[in-house]
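Student: Let me begin by handing over the structure; questions about it come next.
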Amino acid sequence: MNVEASHHVDCSDIGPDGYYDYYYAYTIWRFSDGGTRVLIARGYDDETDATLNAWENPDGTRAPVRAVDLFHPLVRQAMAHLRGEGRSVQRLSLYGIVPATPIWGWAKAFTLGLGYWLAMIISSPSGPPSRQR
């Protein structure tokens, strides 16, 4: 696995009071294994979390890191590397930031799906299905 880390600072100009309006310092990691895609992660200096942001394709487009990707060997190696740096790992999903633990990701999806299914049954005009004799 190849790891590239770069440190960045995004900040405003110093105001007349001697302070920044905003100041973000972060590290971006790019993980690759010789394949066509690169895994990108970001971690802010003042937080212990690192977030798996996206897969970068050869044409420069990006795709989200899905729950099933947490089983990909490169993702597993990247997570181990980040944890070795003292970071906890999460991922950016279509629904926001979620834990990067496959079991918890699947459990959360199951719970949300079960809740949706129960809501559909309960709110049905005919009510919950009854057993036919």
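All residue names refer to the structure tokens as shown: chains lettered A, B, ... in order, residues numbered from 1 in each chain, ligands numbered from 1 in order.
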Neighbouring residues of A:Leu52 were defined as those with any atom within 8 Å, considering only C-alpha atoms; residues of the same chain fewer than 5 positions away were excluded. Please report them as a PyMOL selection string.

Tutor: chain A and resi 39-42+65+89-92

Student: Can you list, as a list of chain:residue names, every protein, DNA or RNA residue that comes within 10 Å of A:Trp55 when you count only C-alpha atoms, leaving out same-chain residues fewer than 6 positions away?

Tutor: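 Contacts, in chain order: A:Arg30, A:Phe31, A:Thr36, A:Arg37, A:Val38, A:Leu39, A:Ile40, A:Ala41, A:Thr61, A:Arg62, A:Ala63, A:Pro64, A:Val65, A:Arg66, A:Asp69.
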
Student: Once you have the residues from the selection above, write them out as a PDB file, in the first residue's frame, restricted to N, CA and C atoms.

Tutor:
```pdb
ATOM      1  N   ARG A  30      -3.899   9.966   0.863  1.00  0.00           N
ATOM      2  CA  ARG A  30      -4.270   9.295  -0.387  1.00  0.00           C
ATOM      3  C   ARG A  30      -3.652   7.897  -0.333  1.00  0.00           C
ATOM      4  N   PHE A  31      -4.511   6.887  -0.343  1.00  0.00           N
ATOM      5  CA  PHE A  31      -4.072   5.492  -0.249  1.00  0.00           C
ATOM      6  C   PHE A  31      -4.258   4.822  -1.612  1.00  0.00           C
ATOM      7  N   THR A  36      -6.714   1.034  -9.987  1.00  0.00           N
ATOM      8  CA  THR A  36      -7.111   2.231 -10.728  1.00  0.00           C
ATOM      9  C   THR A  36      -7.656   3.350  -9.846  1.00  0.00           C
ATOM     10  N   ARG A  37      -8.142   3.011  -8.650  1.00  0.00           N
ATOM     11  CA  ARG A  37      -8.734   4.028  -7.779  1.00  0.00           C
ATOM     12  C   ARG A  37      -7.836   4.350  -6.595  1.00  0.00           C
ATOM     13  N   VAL A  38      -8.012   5.557  -6.073  1.00  0.00           N
ATOM     14  CA  VAL A  38      -7.276   6.022  -4.902  1.00  0.00           C
ATOM     15  C   VAL A  38      -8.303   6.336  -3.820  1.00  0.00           C
ATOM     16  N   LEU A  39      -8.024   5.918  -2.598  1.00  0.00           N
ATOM     17  CA  LEU A  39      -8.894   6.197  -1.463  1.00  0.00           C
ATOM     18  C   LEU A  39      -8.412   7.479  -0.789  1.00  0.00           C
ATOM     19  N   ILE A  40      -9.335   8.411  -0.560  1.00  0.00           N
ATOM     20  CA  ILE A  40      -8.980   9.694   0.043  1.00  0.00           C
ATOM     21  C   ILE A  40      -9.618   9.802   1.421  1.00  0.00           C
ATOM     22  N   ALA A  41      -8.813  10.208   2.404  1.00  0.00           N
ATOM     23  CA  ALA A  41      -9.289  10.414   3.770  1.00  0.00           C
ATOM     24  C   ALA A  41      -8.824  11.786   4.241  1.00  0.00           C
ATOM     25  N   THR A  61     -12.940  11.922 -11.336  1.00  0.00           N
ATOM     26  CA  THR A  61     -14.249  11.901 -10.677  1.00  0.00           C
ATOM     27  C   THR A  61     -14.137  11.159  -9.355  1.00  0.00           C
ATOM     28  N   ARG A  62     -15.090  11.410  -8.482  1.00  0.00           N
ATOM     29  CA  ARG A  62     -15.066  10.769  -7.166  1.00  0.00           C
ATOM     30  C   ARG A  62     -16.365  10.021  -6.913  1.00  0.00           C
ATOM     31  N   ALA A  63     -16.245   8.959  -6.134  1.00  0.00           N
ATOM     32  CA  ALA A  63     -17.401   8.138  -5.754  1.00  0.00           C
ATOM     33  C   ALA A  63     -17.358   7.952  -4.237  1.00  0.00           C
ATOM     34  N   PRO A  64     -18.530   7.863  -3.607  1.00  0.00           N
ATOM     35  CA  PRO A  64     -18.545   7.695  -2.148  1.00  0.00           C
ATOM     36  C   PRO A  64     -17.997   6.341  -1.712  1.00  0.00           C
ATOM     37  N   VAL A  65     -17.531   6.294  -0.488  1.00  0.00           N
ATOM     38  CA  VAL A  65     -17.098   5.038   0.128  1.00  0.00           C
ATOM     39  C   VAL A  65     -18.346   4.417   0.738  1.00  0.00           C
ATOM     40  N   ARG A  66     -18.795   3.306   0.164  1.00  0.00           N
ATOM     41  CA  ARG A  66     -20.023   2.658   0.621  1.00  0.00           C
ATOM     42  C   ARG A  66     -19.724   1.693   1.758  1.00  0.00           C
ATOM     43  N   ASP A  69     -17.727  -1.255   0.844  1.00  0.00           N
ATOM     44  CA  ASP A  69     -16.311  -0.970   0.592  1.00  0.00           C
ATOM     45  C   ASP A  69     -15.457  -1.164   1.839  1.00  0.00           C
TER      46      ASP A  69
END
```

Student: Could you tell me which of A:Asn53, A:Val68, A:Asp13, A:Met1 comes closest to A:Thr101 if we count only C-alpha atoms?

Tutor: A:Val68

Student: Rounded to one decimal in Å, what is the spacing between atom CA of A:Pro99 and atom CA of A:Arg83?

Tutor: 13.4 Å

Student: Considering only C-alpha atoms, return as a PyMOL selection string whatever protein or nucleic-acid residues lie within 12 Å of stretch 21-24 of chain A, sequence-local ones (same chain, fewer than 4 positions apart) excluded.

Tutor: chain A and resi 7-17+42-47

Student: Which residue is closest to A:Tyr95? Choose from A:Ala67, A:Tyr20, A:Val75, A:Ala80 and count only C-alpha atoms.

Tutor: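 Selected residue with least distance to A:Tyr95: A:Ala67.
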
Student: Which distance in Å separates atom CA of A:Gly35 and atom CA of A:Glu85, to one decimal?

Tutor: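 One can read the atom CA of A:Gly35 to atom CA of A:Glu85 distance as 24.1 Å.
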
Student: Could you pull the residues within 6 Å of A:Arg87, counting only C-alpha atoms, minus those fewer than 4 positions along the same chain, as a VMD selection string?

Tutor: chain A and resid 48 to 50 82 to 83

Student: Quote the spacing between atom CA of A:Ile28 and atom CA of A:Thr51 in Å to one decimal place.

Tutor: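 According to the coordinates, atom CA of A:Ile28 and atom CA of A:Thr51 are separated by 9.6 Å.
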